[in-house]
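Engineer: Next comes start28.cif, mmCIF, C-alpha atoms (C1' of nucleotides):
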data_structure
loop_
_atom_site.group_PDB
_atom_site.id
_atom_site.type_symbol
_atom_site.label_atom_id
_atom_site.label_comp_id
_atom_site.auth_asym_id
_atom_site.auth_seq_id
_atom_site.Cartn_x
_atom_site.Cartn_y
_atom_site.Cartn_z
ATOM 1 C CA MET A 1 -4.701 1.710 -2.950
ATOM 2 C CA PRO A 2 -2.157 -0.821 -2.087
ATOM 3 C CA GLU A 3 -0.160 -2.491 0.572
ATOM 4 C CA GLY A 4 2.181 -5.241 -0.594
ATOM 5 C CA HIS A 5 -0.526 -7.867 -0.987
ATOM 6 C CA VAL A 6 -2.148 -5.870 -3.804
ATOM 7 C CA ILE A 7 1.139 -5.510 -5.671
ATOM 8 C CA HIS A 8 1.836 -9.245 -5.477
ATOM 9 C CA HIS A 9 -1.722 -9.936 -6.593
ATOM 10 C CA LEU A 10 -1.201 -7.667 -9.604
ATOM 11 C CA ALA A 11 2.121 -9.318 -10.471
ATOM 12 C CA GLY A 12 0.338 -12.661 -10.465
ATOM 13 C CA LYS A 13 -2.342 -11.358 -12.827
ATOM 14 C CA MET A 14 0.300 -9.861 -15.120
ATOM 15 C CA ASN A 15 1.996 -13.238 -15.404
ATOM 16 C CA SER A 16 -1.135 -15.307 -15.852
ATOM 17 C CA PHE A 17 -2.649 -12.979 -18.455
ATOM 18 C CA TYR A 18 0.388 -11.719 -20.341
ATOM 19 C CA ALA A 19 3.586 -13.735 -19.758
ATOM 20 C CA GLY A 20 5.088 -14.672 -23.110
ATOM 21 C CA LYS A 21 2.641 -12.527 -25.064
ATOM 22 C CA THR A 22 3.519 -9.667 -27.373
ATOM 23 C CA LEU A 23 1.804 -6.547 -26.051
ATOM 24 C CA ARG A 24 0.780 -3.134 -27.182
ATOM 25 C CA VAL A 25 2.290 -0.633 -24.758
ATOM 26 C CA THR A 26 0.762 2.834 -24.947
ATOM 27 C CA SER A 27 0.196 5.952 -22.892
ATOM 28 C CA PRO A 28 -3.327 7.164 -23.754
ATOM 29 C CA GLN A 29 -2.961 10.229 -21.552
ATOM 30 C CA GLY A 30 0.547 10.887 -22.891
ATOM 31 C CA ARG A 31 2.535 11.118 -19.685
ATOM 32 C CA PHE A 32 4.628 8.028 -20.396
ATOM 33 C CA ALA A 33 4.476 8.062 -24.204
ATOM 34 C CA ALA A 34 8.257 7.891 -24.617
ATOM 35 C CA GLU A 35 8.581 4.948 -22.258
ATOM 36 C CA ALA A 36 5.671 3.118 -23.857
ATOM 37 C CA ALA A 37 7.111 3.480 -27.353
ATOM 38 C CA ARG A 38 10.347 1.786 -26.317
ATOM 39 C CA LEU A 39 8.571 -1.411 -25.249
ATOM 40 C CA ASP A 40 5.579 -1.399 -27.613
ATOM 41 C CA GLY A 41 5.365 -4.617 -29.624
ATOM 42 C CA HIS A 42 7.645 -6.608 -27.335
ATOM 43 C CA ALA A 43 6.739 -9.624 -25.232
ATOM 44 C CA LEU A 44 6.218 -9.455 -21.490
ATOM 45 C CA SER A 45 8.571 -12.020 -19.996
ATOM 46 C CA HIS A 46 7.910 -11.778 -16.278
ATOM 47 C CA ALA A 47 6.309 -9.607 -13.601
ATOM 48 C CA GLU A 48 7.499 -9.652 -10.008
ATOM 49 C CA ALA A 49 6.751 -7.773 -6.792
ATOM 50 C CA PHE A 50 9.049 -6.848 -3.921
ATOM 51 C CA GLY A 51 7.199 -5.120 -1.117
ATOM 52 C CA LYS A 52 5.071 -2.412 -2.730
ATOM 53 C CA HIS A 53 7.321 -2.260 -5.797
ATOM 54 C CA LEU A 54 6.236 -3.838 -9.091
ATOM 55 C CA PHE A 55 8.670 -4.820 -11.867
ATOM 56 C CA VAL A 56 7.345 -5.799 -15.288
ATOM 57 C CA GLU A 57 10.081 -7.182 -17.513
ATOM 58 C CA PHE A 58 9.976 -7.360 -21.314
ATOM 59 C CA ASP A 59 11.999 -9.269 -23.899
ATOM 60 C CA ALA A 60 13.686 -6.316 -25.570
ATOM 61 C CA ASP A 61 17.207 -5.343 -26.558
ATOM 62 C CA ASP A 62 16.807 -1.988 -24.844
ATOM 63 C CA PRO A 63 18.885 -2.174 -21.628
ATOM 64 C CA ALA A 64 16.035 -0.454 -19.783
ATOM 65 C CA HIS A 65 13.430 -3.128 -20.503
ATOM 66 C CA ILE A 66 11.778 -3.257 -17.082
ATOM 67 C CA ILE A 67 8.778 -1.111 -16.177
ATOM 68 C CA TYR A 68 9.165 -0.064 -12.562
ATOM 69 C CA ILE A 69 5.824 0.894 -11.030
ATOM 70 C CA HIS A 70 4.969 2.173 -7.575
ATOM 71 C CA LEU A 71 1.283 2.933 -7.072
ATOM 72 C CA GLY A 72 1.712 5.204 -4.067
ATOM 73 C CA LEU A 73 -1.361 6.048 -2.060
ATOM 74 C CA ILE A 74 -3.902 6.478 -4.818
ATOM 75 C CA GLY A 75 -2.525 4.698 -7.865
ATOM 76 C CA THR A 76 -4.470 1.868 -9.493
ATOM 77 C CA LEU A 77 -3.719 -0.843 -12.036
ATOM 78 C CA GLN A 78 -6.899 -2.375 -13.367
ATOM 79 C CA PHE A 79 -7.497 -5.157 -15.878
ATOM 80 C CA GLU A 80 -10.488 -4.600 -18.121
ATOM 81 C CA PRO A 81 -11.694 -5.560 -21.600
ATOM 82 C CA GLU A 82 -9.974 -3.164 -23.972
ATOM 83 C CA THR A 83 -12.138 -0.181 -24.786
ATOM 84 C CA THR A 84 -11.610 3.531 -25.266
ATOM 85 C CA PRO A 85 -9.566 4.720 -22.276
ATOM 86 C CA ARG A 86 -11.661 6.386 -19.586
ATOM 87 C CA GLY A 87 -10.065 9.026 -17.403
ATOM 88 C CA GLN A 88 -6.352 9.610 -17.115
ATOM 89 C CA VAL A 89 -4.816 6.332 -18.229
ATOM 90 C CA ARG A 90 -1.096 6.964 -17.858
ATOM 91 C CA LEU A 91 0.006 3.606 -19.228
ATOM 92 C CA ARG A 92 -1.831 0.751 -20.921
ATOM 93 C CA LEU A 93 -0.609 -2.767 -21.617
ATOM 94 C CA SER A 94 -2.868 -4.776 -23.885
ATOM 95 C CA ASP A 95 -2.952 -8.094 -25.715
ATOM 96 C CA GLY A 96 -5.743 -6.789 -27.903
ATOM 97 C CA GLU A 97 -8.529 -8.059 -25.675
ATOM 98 C CA LEU A 98 -7.588 -7.396 -22.082
ATOM 99 C CA ALA A 99 -6.037 -4.070 -21.109
ATOM 100 C CA ALA A 100 -4.096 -3.269 -17.936
ATOM 101 C CA ASP A 101 -4.680 0.431 -17.218
ATOM 102 C CA LEU A 102 -2.386 2.386 -14.892
ATOM 103 C CA ARG A 103 -3.752 5.509 -13.205
ATOM 104 C CA GLY A 104 -2.228 7.873 -10.658
ATOM 105 C CA PRO A 105 1.004 5.999 -9.915
ATOM 106 C CA GLN A 106 3.640 7.366 -7.596
ATOM 107 C CA TRP A 107 6.074 6.574 -10.386
ATOM 108 C CA CYS A 108 6.435 4.597 -13.593
ATOM 109 C CA ARG A 109 9.952 4.339 -15.041
ATOM 110 C CA LEU A 110 11.949 2.212 -17.434
ATOM 111 C CA ILE A 111 14.952 0.703 -15.694
ATOM 112 C CA THR A 112 17.740 -1.791 -16.329
ATOM 113 C CA GLU A 113 18.265 -5.077 -14.503
ATOM 114 C CA ASP A 114 21.048 -3.496 -12.451
ATOM 115 C CA GLU A 115 18.747 -0.668 -11.438
ATOM 116 C CA ARG A 116 16.074 -3.185 -10.486
ATOM 117 C CA ASP A 117 18.566 -5.063 -8.323
ATOM 118 C CA ALA A 118 19.623 -1.806 -6.661
ATOM 119 C CA ALA A 119 16.011 -0.890 -5.922
ATOM 120 C CA VAL A 120 15.325 -4.305 -4.409
ATOM 121 C CA ALA A 121 18.496 -4.117 -2.313
ATOM 122 C CA LYS A 122 17.139 -1.037 -0.545
ATOM 123 C CA LEU A 123 14.117 -2.949 0.717
ATOM 124 C CA GLY A 124 13.832 -5.010 3.870
ATOM 125 C CA ALA A 125 12.277 -8.457 4.172
ATOM 126 C CA ASP A 126 8.950 -8.985 2.398
ATOM 127 C CA PRO A 127 6.629 -11.324 4.357
ATOM 128 C CA ILE A 128 4.990 -12.395 1.100
ATOM 129 C CA ARG A 129 8.177 -13.659 -0.555
ATOM 130 C CA SER A 130 9.397 -17.153 0.291
ATOM 131 C CA ASP A 131 13.002 -16.012 -0.205
ATOM 132 C CA SER A 132 12.752 -13.443 2.610
ATOM 133 C CA ASP A 133 14.926 -13.741 5.705
ATOM 134 C CA PRO A 134 13.635 -11.949 8.828
ATOM 135 C CA ALA A 135 16.853 -12.560 10.809
ATOM 136 C CA PRO A 136 18.596 -9.310 9.777
ATOM 137 C CA ILE A 137 15.397 -7.402 10.540
ATOM 138 C CA TRP A 138 15.325 -8.760 14.080
ATOM 139 C CA GLN A 139 18.919 -7.626 14.567
ATOM 140 C CA LYS A 140 17.862 -4.063 13.747
ATOM 141 C CA VAL A 141 14.558 -4.129 15.608
ATOM 142 C CA LYS A 142 16.035 -5.401 18.865
ATOM 143 C CA ARG A 143 18.524 -2.512 18.937
ATOM 144 C CA SER A 144 16.056 0.210 17.995
ATOM 145 C CA THR A 145 14.645 2.865 20.289
ATOM 146 C CA ARG A 146 11.918 3.574 17.728
ATOM 147 C CA SER A 147 8.418 2.255 18.415
ATOM 148 C CA ILE A 148 7.284 -0.980 16.778
ATOM 149 C CA GLY A 149 4.419 1.004 15.213
ATOM 150 C CA SER A 150 7.010 3.120 13.468
ATOM 151 C CA LEU A 151 9.354 0.244 12.593
ATOM 152 C CA LEU A 152 6.550 -1.693 10.913
ATOM 153 C CA MET A 153 6.035 1.180 8.463
ATOM 154 C CA ASP A 154 9.726 1.258 7.492
ATOM 155 C CA GLN A 155 10.110 -0.353 4.058
ATOM 156 C CA LYS A 156 13.834 -0.906 4.695
ATOM 157 C CA LEU A 157 12.704 -3.342 7.404
ATOM 158 C CA PHE A 158 9.227 -4.738 6.653
ATOM 159 C CA ALA A 159 8.795 -4.399 2.886
ATOM 160 C CA GLY A 160 5.171 -4.329 1.812
ATOM 161 C CA VAL A 161 3.633 -3.703 5.226
ATOM 162 C CA GLY A 162 1.391 -0.637 5.328
ATOM 163 C CA ASN A 163 -0.956 1.173 7.657
ATOM 164 C CA ILE A 164 -3.610 -1.546 7.878
ATOM 165 C CA TYR A 165 -1.297 -4.510 8.468
ATOM 166 C CA ARG A 166 0.667 -2.490 11.041
ATOM 167 C CA ALA A 167 -2.437 -1.800 13.120
ATOM 168 C CA GLU A 168 -3.986 -5.222 12.707
ATOM 169 C CA THR A 169 -1.046 -7.483 13.444
ATOM 170 C CA LEU A 170 -0.171 -5.502 16.583
ATOM 171 C CA PHE A 171 -3.765 -5.854 17.755
ATOM 172 C CA ARG A 172 -3.864 -9.592 17.033
ATOM 173 C CA LEU A 173 -0.741 -10.078 19.137
ATOM 174 C CA GLY A 174 -1.764 -7.679 21.914
ATOM 175 C CA ILE A 175 1.349 -5.517 21.467
ATOM 176 C CA SER A 176 1.289 -1.776 22.064
ATOM 177 C CA PRO A 177 2.328 0.187 18.971
ATOM 178 C CA PHE A 178 4.277 2.488 21.280
ATOM 179 C CA ARG A 179 6.641 -0.174 22.615
ATOM 180 C CA ALA A 180 10.245 0.354 21.527
ATOM 181 C CA GLY A 181 11.800 -2.254 19.246
ATOM 182 C CA ARG A 182 14.473 -2.930 21.862
ATOM 183 C CA LYS A 183 11.737 -3.854 24.347
ATOM 184 C CA LEU A 184 10.405 -6.644 22.156
ATOM 185 C CA GLN A 185 11.133 -10.251 23.064
ATOM 186 C CA ARG A 186 12.488 -12.532 20.386
ATOM 187 C CA ASN A 187 9.344 -14.657 20.474
ATOM 188 C CA GLU A 188 7.205 -11.521 20.019
ATOM 189 C CA PHE A 189 9.163 -10.513 16.924
ATOM 190 C CA ASP A 190 8.803 -14.059 15.602
ATOM 191 C CA SER A 191 5.050 -13.862 16.219
ATOM 192 C CA ILE A 192 4.785 -10.570 14.347
ATOM 193 C CA TRP A 193 6.691 -11.972 11.387
ATOM 194 C CA ALA A 194 4.671 -15.181 11.326
ATOM 195 C CA ASP A 195 1.402 -13.266 11.591
ATOM 196 C CA LEU A 196 2.380 -10.978 8.707
ATOM 197 C CA VAL A 197 3.376 -13.973 6.578
ATOM 198 C CA GLY A 198 -0.019 -15.586 7.126
ATOM 199 C CA LEU A 199 -2.186 -12.486 6.857
ATOM 200 C CA MET A 200 -0.442 -11.113 3.792
ATOM 201 C CA ALA A 201 -0.512 -14.451 1.951
ATOM 202 C CA GLU A 202 -4.277 -14.483 2.472
ATOM 203 C CA GLY A 203 -4.359 -10.871 1.309
ATOM 204 C CA VAL A 204 -2.638 -11.734 -1.960
ATOM 205 C CA ALA A 205 -5.151 -14.474 -2.701
ATOM 206 C CA ALA A 206 -8.216 -12.414 -1.736
ATOM 207 C CA ALA A 207 -6.899 -9.011 -2.923
ATOM 208 C CA ARG A 208 -8.225 -7.521 0.311
ATOM 209 C CA ILE A 209 -7.267 -7.441 3.963
ATOM 210 C CA ASP A 210 -9.182 -9.628 6.399
ATOM 211 C CA THR A 211 -7.695 -10.020 9.860
ATOM 212 C CA VAL A 212 -10.468 -11.089 12.239
ATOM 213 C CA ARG A 213 -10.238 -14.587 13.647
ATOM 214 C CA PRO A 214 -13.159 -17.004 13.097
ATOM 215 C CA GLU A 215 -14.593 -16.367 16.587
ATOM 216 C CA HIS A 216 -14.838 -12.610 15.905
ATOM 217 C CA THR A 217 -16.363 -12.600 12.449
ATOM 218 C CA PRO A 218 -19.675 -10.777 11.897
ATOM 219 C CA GLU A 219 -21.460 -14.131 11.701
ATOM 220 C CA ALA A 220 -19.904 -15.403 14.923
ATOM 221 C CA MET A 221 -20.640 -12.195 16.833
ATOM 222 C CA GLY A 222 -23.973 -11.330 15.269
ATOM 223 C CA ARG A 223 -22.926 -7.924 14.005
ATOM 224 C CA GLU A 224 -23.200 -6.280 10.617
ATOM 225 C CA PRO A 225 -20.402 -6.972 8.126
ATOM 226 C CA ARG A 226 -18.085 -4.101 7.327
ATOM 227 C CA GLN A 227 -19.450 -2.192 4.361
ATOM 228 C CA ASP A 228 -16.686 0.115 3.171
ATOM 229 C CA ASP A 229 -14.325 -0.902 0.400
ATOM 230 C CA HIS A 230 -11.127 0.082 2.177
ATOM 231 C CA GLY A 231 -10.469 -3.421 3.366
ATOM 232 C CA GLY A 232 -12.178 -6.498 4.681
ATOM 233 C CA GLU A 233 -13.024 -7.438 8.234
ATOM 234 C CA VAL A 234 -10.568 -5.813 10.642
ATOM 235 C CA TYR A 235 -10.214 -5.228 14.390
ATOM 236 C CA THR A 236 -9.019 -1.627 14.657
ATOM 237 C CA TYR A 237 -8.407 0.024 11.296
ATOM 238 C CA ARG A 238 -10.709 3.063 10.951
ATOM 239 C CA ARG A 239 -12.810 1.907 13.897
ATOM 240 C CA THR A 240 -12.028 4.923 16.093
ATOM 241 C CA GLY A 241 -14.447 5.220 19.011
ATOM 242 C CA GLN A 242 -16.169 1.918 18.250
ATOM 243 C CA PRO A 243 -15.974 -0.864 20.843
ATOM 244 C CA CYS A 244 -13.127 -3.353 20.644
ATOM 245 C CA PHE A 245 -14.521 -6.740 19.550
ATOM 246 C CA ILE A 246 -12.729 -8.416 22.454
ATOM 247 C CA CYS A 247 -12.979 -6.062 25.448
ATOM 248 C CA GLY A 248 -15.433 -3.352 24.410
ATOM 249 C CA THR A 249 -13.006 -0.462 25.013
ATOM 250 C CA PRO A 250 -13.318 2.282 22.359
ATOM 251 C CA ILE A 251 -10.665 1.975 19.671
ATOM 252 C CA ALA A 252 -8.143 4.839 19.864
ATOM 253 C CA GLU A 253 -6.559 6.850 17.048
ATOM 254 C CA GLN A 254 -3.345 8.859 16.898
ATOM 255 C CA VAL A 255 -0.996 9.893 14.119
ATOM 256 C CA MET A 256 2.247 7.921 14.019
ATOM 257 C CA GLU A 257 4.744 8.191 11.166
ATOM 258 C CA GLY A 258 2.401 10.667 9.532
ATOM 259 C CA ARG A 259 -0.410 8.119 9.302
ATOM 260 C CA ASN A 260 -3.465 7.452 11.419
ATOM 261 C CA LEU A 261 -2.691 4.637 13.834
ATOM 262 C CA PHE A 262 -5.541 2.640 15.403
ATOM 263 C CA TRP A 263 -5.284 0.449 18.493
ATOM 264 C CA CYS A 264 -7.143 -0.830 21.549
ATOM 265 C CA PRO A 265 -5.726 0.858 24.698
ATOM 266 C CA GLU A 266 -6.874 -2.087 26.822
ATOM 267 C CA CYS A 267 -5.890 -5.121 24.726
ATOM 268 C CA GLN A 268 -2.648 -3.434 23.663
ATOM 269 C CA ALA A 269 -1.704 -1.765 26.942
ATOM 270 C CA LYS A 270 1.797 -3.237 26.833
ATOM 271 C "C1'" DC B 1 -20.880 21.648 -6.360
ATOM 272 C "C1'" DT B 2 -17.067 21.741 -2.914
ATOM 273 C "C1'" DT B 3 -14.223 19.729 0.534
ATOM 274 C "C1'" DG B 4 -11.634 16.270 2.800
ATOM 275 C "C1'" DC B 5 -9.571 12.048 3.180
ATOM 276 C "C1'" DA B 6 -7.226 7.631 1.707
ATOM 277 C "C1'" DT B 7 -3.895 0.610 1.976
ATOM 278 C "C1'" DG B 8 2.395 5.928 0.123
ATOM 279 C "C1'" DT B 9 6.695 8.158 -0.760
ATOM 280 C "C1'" DG B 10 10.217 11.832 -1.508
ATOM 281 C "C1'" DC B 11 11.664 16.251 -1.048
ATOM 282 C "C1'" DA B 12 12.139 20.861 1.177
ATOM 283 C "C1'" DT B 13 12.349 23.160 5.496
ATOM 284 C "C1'" DT C 1 7.624 18.111 10.294
ATOM 285 C "C1'" DG C 2 5.117 19.644 6.491
ATOM 286 C "C1'" DC C 3 3.824 19.309 1.978
ATOM 287 C "C1'" DA C 4 3.315 18.074 -2.887
ATOM 288 C "C1'" DC C 5 1.868 14.547 -5.927
ATOM 289 C "C1'" DC C 6 -1.877 11.698 -8.171
ATOM 290 C "C1'" DT C 7 -7.288 9.803 -8.313
ATOM 291 C "C1'" DG C 8 -11.749 8.281 -6.436
ATOM 292 C "C1'" DC C 9 -15.153 8.400 -3.206
ATOM 293 C "C1'" DA C 10 -18.052 10.094 0.599
ATOM 294 C "C1'" DA C 11 -19.779 13.711 3.135
ATOM 295 C "C1'" DG C 12 -20.970 18.373 3.495
ATOM 296 C "C1'" DT C 13 -22.822 22.882 1.427
#
The structure in this file should be written as structure tokens.
Structural biologist:
Amino acid sequence: MPEGHVIHHLAGKMNSFYAGKTLRVTSPQGRFAAEAARLDGHALSHAEAFGKHLFVEFDADDPAHIIYIHLGLIGTLQFEPETTPRGQVRLRLSDGELAADLRGPQWCRLITEDERDAAVAKLGADPIRSDSDPAPIWQKVKRSTRSIGSLLMDQKLFAGVGNIYRAETLFRLGISPFRAGRKLQRNEFDSIWADLVGLMAEGVAAARIDTVRPEHTPEAMGREPRQDDHGGEVYTYRRTGQPCFICGTPIAEQVMEGRNLFWCPECQAK
DNA sequence: CTTGCATGTGCAT
DNA sequence: TGCACCTGCAAGT
């Protein structure tokens, strides 16, 4: 259940566990049996993430030697000691001891390097990648009549940002999700980008999303830690009706871009 | 046991 | 704008 930080975290695990190793590539459930057979017995050379898109490259003569995975809303990729597959394992990579099991992906395809480049070219700037340039994104945002809450969900602009980071970074900066892109100041855009870079880098390392500042943590405020597994400590995400940690106003909820948006009407009035 | 919802996207209307 | 897709989990019957 991934925003970009999870995909980058997974790419890192792929590289540390498997880079340079010859792998068994199988499809226990059968869905991707043909694809698996083409790469089975080859070495994984490199895994890399762009936004929410994961590319796992193999050393193989086959032109389509890159596994292109998108987990979608419910897909998972889990590393576990190799045992009999449980559930619907669509694809399994294994070095004989540790297996990477793919379940419920949005897609899983074999592609060529040119196709990988074309897929990457469709994405905007990824706050997690050091080679990202936010300048072209600002040029589009500052001309847009769309709301910043909508723009943040657009993968052609902010690659890897999802519903939690959208809500949380806007709260942290006190920006209304309903403000049009063209009404943003340059320094506000810069703040959003910088906040995403910091938050998402932490997310990659922790493999979860924590956005509350030290002064608002459960320990600092004497409240109970968040218990659900849908993220870490956050200000607004799925806190509808609960008091804002800063001003006490009930957190609001409204669908935007087909997803539930959460914000504080007081702290994010403008 | 059944239902609904979820860190997402693409396609049909 | 709605909906289909795919899985896991929590809440409701």
Engineer: Could you tell me, as a list in words, exactly which residues end up selected when the PyMOL selection byres ((chain B and resi 9) around 9) is applied to this structure?
Structural biologist: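 Answer for the PyMOL selection byres ((chain B and resi 9) around 9): Gly72, Leu73 and Gln106 of chain A; DG8 and DG10 of chain B.
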Engineer: Just how far from CA of Glu80 (chain A) is CA of Leu23 (chain A), in Å to one decimal?
Structural biologist: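 Between CA of Leu23 (chain A) and CA of Glu80 (chain A) the gap works out to 14.8 Å.
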Engineer: Per residue of chain A within 9 Å of chain B, note the shortest atom pair and the distance in Å to one decimal, counting all atoms listed in the file, and order the rows by chain and increasing residue number, as JSON lines.
Structural biologist:
{"residue": "A:Met1", "atom": "CA", "partner": "B:DT7", "partner_atom": "C1'", "distance": 5.1}
{"residue": "A:Pro2", "atom": "CA", "partner": "B:DT7", "partner_atom": "C1'", "distance": 4.6}
{"residue": "A:Glu3", "atom": "CA", "partner": "B:DT7", "partner_atom": "C1'", "distance": 5.1}
{"residue": "A:Gly4", "atom": "CA", "partner": "B:DT7", "partner_atom": "C1'", "distance": 8.8}
{"residue": "A:Val6", "atom": "CA", "partner": "B:DT7", "partner_atom": "C1'", "distance": 8.9}
{"residue": "A:His70", "atom": "CA", "partner": "B:DG8", "partner_atom": "C1'", "distance": 8.9}
{"residue": "A:Leu71", "atom": "CA", "partner": "B:DG8", "partner_atom": "C1'", "distance": 7.9}
{"residue": "A:Gly72", "atom": "CA", "partner": "B:DG8", "partner_atom": "C1'", "distance": 4.3}
{"residue": "A:Leu73", "atom": "CA", "partner": "B:DG8", "partner_atom": "C1'", "distance": 4.3}
{"residue": "A:Ile74", "atom": "CA", "partner": "B:DA6", "partner_atom": "C1'", "distance": 7.4}
{"residue": "A:Gln106", "atom": "CA", "partner": "B:DT9", "partner_atom": "C1'", "distance": 7.5}
{"residue": "A:Gly162", "atom": "CA", "partner": "B:DT7", "partner_atom": "C1'", "distance": 6.4}
{"residue": "A:Asn163", "atom": "CA", "partner": "B:DT7", "partner_atom": "C1'", "distance": 6.4}
{"residue": "A:Ile164", "atom": "CA", "partner": "B:DT7", "partner_atom": "C1'", "distance": 6.3}
{"residue": "A:Tyr165", "atom": "CA", "partner": "B:DT7", "partner_atom": "C1'", "distance": 8.7}
{"residue": "A:Ile209", "atom": "CA", "partner": "B:DT7", "partner_atom": "C1'", "distance": 9.0}
{"residue": "A:His230", "atom": "CA", "partner": "B:DT7", "partner_atom": "C1'", "distance": 7.3}
{"residue": "A:Gly231", "atom": "CA", "partner": "B:DT7", "partner_atom": "C1'", "distance": 7.8}
Engineer: Run through the PyMOL selection byres ((chain C) within 8 of (chain A)) on the given coordinates and return the selected residues as a ChimeraX atom specification.
Structural biologist: /C:5-7
Engineer: Taking all atoms of chain C that the file lists, what box with edges along x, y and z, padded by 5 Å per side, do you get, with centre and edge lengths in Å to one decimal, as AutoDock Vina command-line options?
Structural biologist:
--center_x -7.6 --center_y 15.6 --center_z 1.0 --size_x 40.4 --size_y 24.6 --size_z 28.6
Engineer: Using only C-alpha atoms (C1' of nucleotides), determine which residues lie at most 12 Å from region 31-47 of chain A, disregarding the query and same-chain residues fewer than 3 positions distant; provide the list as a PyMOL selection string.
Structural biologist: chain A and resi 7-28+50+53-69+88-96+102-105+107-111
Engineer: A:Glu224, A:Glu202, A:Glu82, A:Asp190: which is nearest Val141 (chain A), counting only C-alpha atoms?
Structural biologist: A:Asp190
Engineer: For the file shown, what are the residues hit by the PyMOL selection byres ((chain A and resi 261-268) around 6), laid out as a VMD selection string?
Structural biologist: chain A and resid 167 174 to 176 236 to 237 251 to 256 260 269 to 270
Engineer: Please measure the separation of CA of Ala207 (chain A) and CA of Ala220 (chain A), giving the value in Å to one decimal.
Structural biologist: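 Computing it gives 23.0 Å between the two atoms.
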Engineer: To one decimal in Å, tell me the separation between CA of Glu215 (chain A) and CA of Gly149 (chain A).
Structural biologist: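 About the pair CA of Glu215 (chain A) and CA of Gly149 (chain A): they are 25.8 Å apart.
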Engineer: At a cut-off of 8 Å, using only C-alpha atoms (C1' of nucleotides), what residues contact region 138-140 of chain A? Leave out same-chain residues fewer than 3 positions from it and give the result as a PDB file with C-alpha atoms, in the coordinates of the input.
Structural biologist:
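Saved the output as selection.pdb:
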ATOM      1  CA  PRO A 134      13.635 -11.949   8.828  1.00  0.00           C
ATOM      2  CA  ALA A 135      16.853 -12.560  10.809  1.00  0.00           C
ATOM      3  CA  ARG A 143      18.524  -2.512  18.937  1.00  0.00           C
ATOM      4  CA  SER A 144      16.056   0.210  17.995  1.00  0.00           C
ATOM      5  CA  ARG A 186      12.488 -12.532  20.386  1.00  0.00           C
ATOM      6  CA  PHE A 189       9.163 -10.513  16.924  1.00  0.00           C
TER       7      PHE A 189
END
Engineer: Arg172 (chain A): which residues within 9 Å, counting only C-alpha atoms (C1' of nucleotides), same-chain residues fewer than 4 positions away excluded, as a list of chain:residue names?
Structural biologist: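 Selected residues are A:Ala167, A:Glu168, A:Asp195, A:Thr211, A:Val212, A:Arg213, A:Tyr235.
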Engineer: Contacts of Ser191 (chain A) at 10 Å or less, counting only C-alpha atoms (C1' of nucleotides), minus same-chain residues fewer than 3 places along, as JSON, numbers by chain?
Structural biologist: {"A": [169, 170, 172, 173, 185, 186, 187, 188, 194, 195, 196, 197]}
Engineer: Output C-alpha atoms of each residue in that selection to a file, as an mmCIF file, keeping the file's coordinate frame.
Structural biologist:
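Ended up saving to again27.cif:
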data_model
loop_
_atom_site.group_PDB
_atom_site.id
_atom_site.type_symbol
_atom_site.label_atom_id
_atom_site.label_comp_id
_atom_site.auth_asym_id
_atom_site.auth_seq_id
_atom_site.Cartn_x
_atom_site.Cartn_y
_atom_site.Cartn_z
ATOM 1 C CA THR A 169 -1.046 -7.483 13.444
ATOM 2 C CA LEU A 170 -0.171 -5.502 16.583
ATOM 3 C CA ARG A 172 -3.864 -9.592 17.033
ATOM 4 C CA LEU A 173 -0.741 -10.078 19.137
ATOM 5 C CA GLN A 185 11.133 -10.251 23.064
ATOM 6 C CA ARG A 186 12.488 -12.532 20.386
ATOM 7 C CA ASN A 187 9.344 -14.657 20.474
ATOM 8 C CA GLU A 188 7.205 -11.521 20.019
ATOM 9 C CA ALA A 194 4.671 -15.181 11.326
ATOM 10 C CA ASP A 195 1.402 -13.266 11.591
ATOM 11 C CA LEU A 196 2.380 -10.978 8.707
ATOM 12 C CA VAL A 197 3.376 -13.973 6.578
#
